[in-house]
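Enquirer: First the structure, which I've put down as structure tokens, then a few questions once you've had a look.
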Amino acid sequence: MNGSAAELGALSVYPTADGSFSLHSDHFGEAFHNSAGALNEARAKFVQPAELQRFTNGSGLRVLDVCLGLGYNTAAVLEALPRADLQVQWFGLELDRRPLEQALEQESFQSLWSAPVLAKLEAIRDHGGWREPNSWQEPNSQGVQLWGDARSMLREIPEPVRFDLVLLDAFSPQRCPELWSEEFLGALARRLATQGRLLTYSRSAAVRASLKRAGLSLYSLLPAPGEREGWSSGTLATPADSGCPPNGPGWRPLSAMEWEHLQTRAAVPFRDPQGNATAEDILERRRFEQEQCGYEATNAWQRRWRRDSPS
């Protein structure tokens with residue numbers, strides 16, 4: 001995950017139920033992963049719904065990891081590639097180098113990955129990425145890590161690049177609204193390839209409504225193994241003409257409850273028109289807009305669905 005212009009503060013070890021190593025950020029007051037398991041979350045919410053077997057025809061795979069963090073999502077995707085010779089073009093955005101550095105110091109983390117994947121993570125740490133233009137096994141495989149505020153670093157990626165996968169794993173919208181704003185999400189949506197998929201653990205109505213206004217179709221992710229069953233477990237967003245089926249490995253259509261969530265005050269977006277506002281300013285602006293809007297109160301939506309749900 002990634003903050004904006006703020007440090008992540010002190011980082012402490014956070015064990016997860018599947019035995020995989022994670023961290024907790026003192027500044028954001030949140031862990032990098034849910035308690036069910038860092039590895040389970042990466043595989044269920046980023047690898048499975050990516051359907052990597054789609055990329056077997058030699059067209060290559062372009063990945064944007066928004067908030068590299070400890071590296072789980074990128075590593076899990078690289079580990080699951082359907083072909084060893086698949087051409088990969090990867091970009092990572094991250095503010096703080098320490099999570100990846102601390103992860104790579106853990107033997108339990110290192111043991112999760114094959115030697116080629118581990119070498120890429122180490123190259124990101126040590127050299128800001130990798131490039132293997134002359135490798136027979138990985139022709140033109142390239143990774144570029146951009147350290148800094150993801151809002152400005154996104155603009156450093158060449159404009160023509162369109163991504164097959166955008167892995168969005170920032171801290172929660174209330175803690176890090178800078179990376180869930182209408183403007184930032186719109187910029188990510190514009191970077192998607194025709195059949196690209198944006199994947200995130202977030203089920204926020206504000207996030208989903210912004211992605212919908214950006215022209216993307218929305219789907220609901222299924223829970224990761226060990227994760228408590230809830231009304232939603234994350235979001236897949238893809239261009240409306242992408243041909244994505246309504247049901248697939250790891251996702252389903254949004255329920256009536258989820259669609260109605262987008263008509264409540266929770267759906268008022270986080271706004272950051274200039275791309276440089278502080279978290280406090282973004283949250284205050286949203287609070288004011290929520291007070292002025294005519295949407296249903298979110299707690300009324302919750303009570304209504306709780307009442308109508310079978311006991």
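In the structure tokens, chains take the letters A, B, ... in the order shown, each chain's residues start at 1, and ligands count up from 1 in the order shown.
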Dump as a tab-separated table the rows for residues of range 220-310 of chain A within 9 Å of range 181-197 of chain A: closest atom pair and distance in Å with one decimal, only C-alpha atoms counted, ordered by chain and rising residue number.
Expert:
```
residue	atom	partner	partner_atom	distance
A:Leu236	CA	A:Arg197	CA	6.6
A:Ala237	CA	A:Arg197	CA	5.8
A:Thr238	CA	A:Arg197	CA	4.7
A:Pro239	CA	A:Thr194	CA	6.4
A:Ala240	CA	A:Thr194	CA	8.9
A:Asp241	CA	A:Thr194	CA	7.4
A:Ser242	CA	A:Gln195	CA	4.5
A:Gly243	CA	A:Gln195	CA	7.2
A:Cys244	CA	A:Gln195	CA	7.7
A:Pro269	CA	A:Glu182	CA	6.0
A:Phe270	CA	A:Ser181	CA	4.5
A:Arg271	CA	A:Ser181	CA	5.1
A:Asp272	CA	A:Ser181	CA	6.0
A:Pro273	CA	A:Glu183	CA	6.4
A:Gln274	CA	A:Glu183	CA	8.5
A:Gly275	CA	A:Glu183	CA	7.4
A:Ile282	CA	A:Ser181	CA	8.4
```
Enquirer: Produce a file of the selected residues containing N, CA, C and O atoms, as a PDB file, in the first residue's frame.
Expert:
```pdb
ATOM      1  N   LEU A 236     -13.982  -5.488  -8.948  1.00  0.00           N
ATOM      2  CA  LEU A 236     -13.369  -5.597 -10.270  1.00  0.00           C
ATOM      3  C   LEU A 236     -14.058  -4.560 -11.144  1.00  0.00           C
ATOM      4  O   LEU A 236     -15.289  -4.522 -11.204  1.00  0.00           O
ATOM      5  N   ALA A 237     -13.269  -3.722 -11.818  1.00  0.00           N
ATOM      6  CA  ALA A 237     -13.820  -2.708 -12.724  1.00  0.00           C
ATOM      7  C   ALA A 237     -13.123  -2.842 -14.068  1.00  0.00           C
ATOM      8  O   ALA A 237     -11.900  -3.004 -14.132  1.00  0.00           O
ATOM      9  N   THR A 238     -13.901  -2.783 -15.134  1.00  0.00           N
ATOM     10  CA  THR A 238     -13.349  -3.014 -16.464  1.00  0.00           C
ATOM     11  C   THR A 238     -14.123  -2.178 -17.477  1.00  0.00           C
ATOM     12  O   THR A 238     -15.300  -1.848 -17.236  1.00  0.00           O
ATOM     13  N   PRO A 239     -13.510  -1.782 -18.593  1.00  0.00           N
ATOM     14  CA  PRO A 239     -14.265  -1.016 -19.592  1.00  0.00           C
ATOM     15  C   PRO A 239     -15.551  -1.720 -19.987  1.00  0.00           C
ATOM     16  O   PRO A 239     -15.621  -2.955 -20.059  1.00  0.00           O
ATOM     17  N   ALA A 240     -16.584  -0.921 -20.251  1.00  0.00           N
ATOM     18  CA  ALA A 240     -17.917  -1.474 -20.499  1.00  0.00           C
ATOM     19  C   ALA A 240     -17.954  -2.426 -21.679  1.00  0.00           C
ATOM     20  O   ALA A 240     -18.763  -3.356 -21.719  1.00  0.00           O
ATOM     21  N   ASP A 241     -17.081  -2.237 -22.659  1.00  0.00           N
ATOM     22  CA  ASP A 241     -17.068  -3.098 -23.841  1.00  0.00           C
ATOM     23  C   ASP A 241     -15.955  -4.139 -23.790  1.00  0.00           C
ATOM     24  O   ASP A 241     -15.534  -4.648 -24.818  1.00  0.00           O
ATOM     25  N   SER A 242     -15.508  -4.486 -22.593  1.00  0.00           N
ATOM     26  CA  SER A 242     -14.378  -5.415 -22.466  1.00  0.00           C
ATOM     27  C   SER A 242     -14.759  -6.863 -22.711  1.00  0.00           C
ATOM     28  O   SER A 242     -13.892  -7.713 -22.918  1.00  0.00           O
ATOM     29  N   GLY A 243     -16.046  -7.178 -22.635  1.00  0.00           N
ATOM     30  CA  GLY A 243     -16.471  -8.566 -22.801  1.00  0.00           C
ATOM     31  C   GLY A 243     -16.324  -9.403 -21.551  1.00  0.00           C
ATOM     32  O   GLY A 243     -16.444 -10.635 -21.603  1.00  0.00           O
ATOM     33  N   CYS A 244     -16.097  -8.776 -20.410  1.00  0.00           N
ATOM     34  CA  CYS A 244     -15.958  -9.510 -19.148  1.00  0.00           C
ATOM     35  C   CYS A 244     -17.290 -10.175 -18.796  1.00  0.00           C
ATOM     36  O   CYS A 244     -18.325  -9.508 -18.777  1.00  0.00           O
ATOM     37  N   PRO A 269     -18.181  11.299  -3.774  1.00  0.00           N
ATOM     38  CA  PRO A 269     -16.768  10.988  -4.049  1.00  0.00           C
ATOM     39  C   PRO A 269     -15.787  11.790  -3.211  1.00  0.00           C
ATOM     40  O   PRO A 269     -16.120  12.822  -2.623  1.00  0.00           O
ATOM     41  N   PHE A 270     -14.590  11.291  -3.158  1.00  0.00           N
ATOM     42  CA  PHE A 270     -13.448  12.043  -2.652  1.00  0.00           C
ATOM     43  C   PHE A 270     -12.932  12.887  -3.816  1.00  0.00           C
ATOM     44  O   PHE A 270     -12.697  12.358  -4.896  1.00  0.00           O
ATOM     45  N   ARG A 271     -12.764  14.179  -3.590  1.00  0.00           N
ATOM     46  CA  ARG A 271     -12.382  15.072  -4.687  1.00  0.00           C
ATOM     47  C   ARG A 271     -11.010  15.692  -4.425  1.00  0.00           C
ATOM     48  O   ARG A 271     -10.725  16.154  -3.326  1.00  0.00           O
ATOM     49  N   ASP A 272     -10.200  15.711  -5.480  1.00  0.00           N
ATOM     50  CA  ASP A 272      -8.837  16.246  -5.417  1.00  0.00           C
ATOM     51  C   ASP A 272      -8.498  16.831  -6.792  1.00  0.00           C
ATOM     52  O   ASP A 272      -7.684  16.282  -7.532  1.00  0.00           O
ATOM     53  N   PRO A 273      -9.142  17.937  -7.170  1.00  0.00           N
ATOM     54  CA  PRO A 273      -9.043  18.429  -8.553  1.00  0.00           C
ATOM     55  C   PRO A 273      -7.635  18.708  -9.036  1.00  0.00           C
ATOM     56  O   PRO A 273      -7.316  18.474 -10.210  1.00  0.00           O
ATOM     57  N   GLN A 274      -6.764  19.192  -8.163  1.00  0.00           N
ATOM     58  CA  GLN A 274      -5.413  19.537  -8.577  1.00  0.00           C
ATOM     59  C   GLN A 274      -4.418  18.396  -8.354  1.00  0.00           C
ATOM     60  O   GLN A 274      -3.253  18.503  -8.748  1.00  0.00           O
ATOM     61  N   GLY A 275      -4.869  17.340  -7.723  1.00  0.00           N
ATOM     62  CA  GLY A 275      -3.983  16.196  -7.497  1.00  0.00           C
ATOM     63  C   GLY A 275      -2.906  16.433  -6.464  1.00  0.00           C
ATOM     64  O   GLY A 275      -1.884  15.745  -6.458  1.00  0.00           O
ATOM     65  N   ILE A 282      -9.321  16.836   1.637  1.00  0.00           N
ATOM     66  CA  ILE A 282     -10.212  15.990   0.839  1.00  0.00           C
ATOM     67  C   ILE A 282     -11.383  15.497   1.688  1.00  0.00           C
ATOM     68  O   ILE A 282     -12.542  15.522   1.259  1.00  0.00           O
TER      69      ILE A 282
END
```
Enquirer: Could you write out, as number ranges by chain, all the residues of range 153-223 of chain A that DSSP marks as alpha helix (DSSP H)?
Expert: A: 153, 182-190, 205-213
Enquirer: Give me the residues within 12 Å of Gln174 in chain A as a list in words, counting only C-alpha atoms and dropping any in the same chain fewer than 6 places off.
Expert: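 Skipping anything fewer than 6 positions along the chain leaves Gly3, Phe28, Gly29, Glu30, Trp180, Ser181, Ser202, Ser204, Ala206, Val207, Ala266, Pro269, Phe270, Ala279, Glu280, Asp281, Ile282, Leu283, Glu284, Arg286 and Arg287 of chain A.
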Enquirer: For Arg43 in chain A, which residue out of A:Pro223, A:Gly60, A:Gly143, A:Gly294 is the nearest one, using only C-alpha atoms?
Expert: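 Nearest candidate to Arg43 in chain A out of A:Pro223, A:Gly60, A:Gly143, A:Gly294: A:Pro223.
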Enquirer: With distances taken over only C-alpha atoms, which of A:Asp164, A:Glu260, A:Asp126, A:Glu101 is nearest to Ala209 in chain A?
Expert: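 Nearest candidate to Ala209 in chain A out of A:Asp164, A:Glu260, A:Asp126, A:Glu101: A:Glu260.
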Enquirer: Hey, what's within 12 Å of Gln89 in chain A if we count only C-alpha atoms and toss same-chain stuff fewer than 2 positions away? As a ChimeraX atom specification, please?
Expert: /A:59-65,74,78,86-87,91-92,129-133,138-145,157,161-165
Enquirer: Using DSSP on the backbone coordinates, identify the residues of range 40-182 of chain A assigned to strand (DSSP E or B); present them as an NGL selection string.
Expert: :A and (61-66 or 88-94 or 129-132 or 141-147 or 163-168 or 181)
Enquirer: How many Å separate CA of Ala297 in chain A from CA of Arg228 in chain A?
Expert: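 The value is 25.5 Å.
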Enquirer: Taking into account only C-alpha atoms, which residue in the set A:Ala75, A:Phe55, A:Leu198, A:Trp251 is nearest to Ser111 in chain A?
Expert: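 Of the candidates, the smallest distance to Ser111 in chain A is held by A:Ala75.
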Enquirer: For range 32-38 of chain A, work out the shell of residues within 10 Å, counting only C-alpha atoms and skipping chain neighbours fewer than 2 positions away, then give it as a ChimeraX atom specification.
Expert: /A:1-2,14-25,28-30,40-43,69-70,72-73,99,169-172,201,223-228
Enquirer: Next, dump the selected residues to file, keeping only N, CA and C atoms, as a short mmCIF file (atom, residue, chain, number, x, y, z; two decimals), in the first residue's frame.
Expert:
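Okay, part_38.cif is ready:
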```cif
data_model
loop_
_atom_site.label_atom_id
_atom_site.label_comp_id
_atom_site.auth_asym_id
_atom_site.auth_seq_id
_atom_site.Cartn_x
_atom_site.Cartn_y
_atom_site.Cartn_z
N MET A 1 0.84 -1.18 0.00
CA MET A 1 0.00 0.00 0.00
C MET A 1 0.88 1.24 0.00
N ASN A 2 0.23 2.40 -0.06
CA ASN A 2 0.98 3.63 -0.27
C ASN A 2 0.24 4.78 0.36
N TYR A 14 3.00 -7.64 11.60
CA TYR A 14 1.59 -7.97 11.77
C TYR A 14 1.38 -9.38 11.22
N PRO A 15 1.30 -10.40 12.08
CA PRO A 15 1.10 -11.77 11.58
C PRO A 15 -0.33 -11.96 11.08
N THR A 16 -0.49 -12.77 10.02
CA THR A 16 -1.82 -13.03 9.49
C THR A 16 -2.15 -14.52 9.60
N ALA A 17 -3.42 -14.84 9.45
CA ALA A 17 -3.90 -16.18 9.76
C ALA A 17 -3.32 -17.27 8.87
N ASP A 18 -2.94 -16.92 7.63
CA ASP A 18 -2.38 -17.95 6.76
C ASP A 18 -0.88 -18.12 6.97
N GLY A 19 -0.33 -17.45 7.97
CA GLY A 19 1.08 -17.58 8.30
C GLY A 19 1.98 -16.62 7.56
N SER A 20 1.43 -15.84 6.64
CA SER A 20 2.27 -14.92 5.87
C SER A 20 2.51 -13.62 6.65
N PHE A 21 3.65 -13.04 6.39
CA PHE A 21 4.13 -11.86 7.10
C PHE A 21 3.51 -10.59 6.54
N SER A 22 3.10 -9.67 7.42
CA SER A 22 2.63 -8.37 6.98
C SER A 22 3.11 -7.31 7.95
N LEU A 23 2.70 -6.06 7.70
CA LEU A 23 3.12 -4.93 8.52
C LEU A 23 1.91 -4.08 8.87
N HIS A 24 2.07 -3.29 9.94
CA HIS A 24 1.07 -2.31 10.35
C HIS A 24 1.72 -0.95 10.32
N SER A 25 1.02 0.03 9.72
CA SER A 25 1.52 1.40 9.64
C SER A 25 0.99 2.21 10.80
N PHE A 28 -0.97 5.50 9.42
CA PHE A 28 -2.31 5.29 8.90
C PHE A 28 -3.20 4.51 9.85
N GLY A 29 -2.59 3.90 10.88
CA GLY A 29 -3.40 3.15 11.83
C GLY A 29 -4.04 1.93 11.24
N GLU A 30 -3.42 1.36 10.22
CA GLU A 30 -3.96 0.19 9.53
C GLU A 30 -2.85 -0.78 9.18
N ASN A 40 -3.12 -15.09 0.95
CA ASN A 40 -4.48 -15.42 0.50
C ASN A 40 -5.14 -14.23 -0.18
N GLU A 41 -4.96 -13.04 0.39
CA GLU A 41 -5.58 -11.85 -0.17
C GLU A 41 -5.01 -11.54 -1.55
N ALA A 42 -3.70 -11.64 -1.69
CA ALA A 42 -3.08 -11.36 -2.99
C ALA A 42 -3.59 -12.32 -4.06
N ARG A 43 -3.68 -13.57 -3.72
CA ARG A 43 -4.11 -14.57 -4.71
C ARG A 43 -5.60 -14.44 -5.04
N GLY A 69 3.88 -1.70 -1.71
CA GLY A 69 3.94 -2.19 -0.34
C GLY A 69 5.01 -3.23 -0.14
N LEU A 70 4.61 -4.39 0.39
CA LEU A 70 5.55 -5.48 0.64
C LEU A 70 5.85 -6.28 -0.61
N TYR A 72 3.58 -8.30 -2.28
CA TYR A 72 2.80 -9.53 -2.42
C TYR A 72 2.03 -9.60 -3.74
N ASN A 73 1.34 -8.52 -4.10
CA ASN A 73 0.46 -8.59 -5.27
C ASN A 73 1.25 -8.80 -6.55
N PRO A 99 8.63 -1.01 3.43
CA PRO A 99 7.88 -2.27 3.47
C PRO A 99 8.50 -3.38 2.63
N ASP A 169 -4.14 -1.05 -4.26
CA ASP A 169 -4.08 -1.60 -2.90
C ASP A 169 -3.63 -0.54 -1.90
N ALA A 170 -4.18 0.67 -2.01
CA ALA A 170 -3.85 1.74 -1.07
C ALA A 170 -4.51 1.48 0.28
N PHE A 171 -4.07 2.21 1.30
CA PHE A 171 -4.78 2.17 2.57
C PHE A 171 -6.21 2.63 2.34
N SER A 172 -7.09 2.36 3.29
CA SER A 172 -8.52 2.56 3.08
C SER A 172 -8.85 4.02 2.76
N TYR A 201 -9.34 -4.39 -3.23
CA TYR A 201 -10.07 -4.95 -2.10
C TYR A 201 -11.23 -4.04 -1.68
N PRO A 223 -14.94 -13.40 -1.30
CA PRO A 223 -14.00 -13.36 -0.19
C PRO A 223 -12.81 -14.29 -0.39
N ALA A 224 -11.68 -13.90 0.18
CA ALA A 224 -10.49 -14.74 0.17
C ALA A 224 -10.68 -15.89 1.16
N PRO A 225 -9.94 -17.00 0.98
CA PRO A 225 -10.02 -18.09 1.95
C PRO A 225 -9.71 -17.59 3.37
N GLY A 226 -10.57 -17.92 4.30
CA GLY A 226 -10.38 -17.50 5.67
C GLY A 226 -10.96 -16.14 6.00
N GLU A 227 -11.38 -15.40 4.98
CA GLU A 227 -11.96 -14.07 5.21
C GLU A 227 -13.41 -14.20 5.62
N ARG A 228 -13.82 -13.37 6.56
CA ARG A 228 -15.21 -13.41 7.02
C ARG A 228 -16.15 -13.02 5.88
#
```
Enquirer: Which one is closest to Cys176 in chain A: A:Leu121, A:Ala256, A:Ala277, A:Ala44? Count only C-alpha atoms.
Expert: A:Ala277
Enquirer: Enter the distance from CA of Ala50 in chain A to CA of Ile124 in chain A, in Å, rounded to one decimal.
Expert: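 One can read the CA of Ala50 in chain A to CA of Ile124 in chain A distance as 22.4 Å.
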Enquirer: So what do you get for CA of Val166 in chain A versus CA of Val66 in chain A, distance-wise?
Expert: 7.1 Å
Enquirer: With only C-alpha atoms as the counted atoms, please give the residues lying no more than 8 Å from Glu289 in chain A, apart from itself and same-chain residues fewer than 4 positions off, as number ranges by chain.
Expert: A: 268, 285, 293
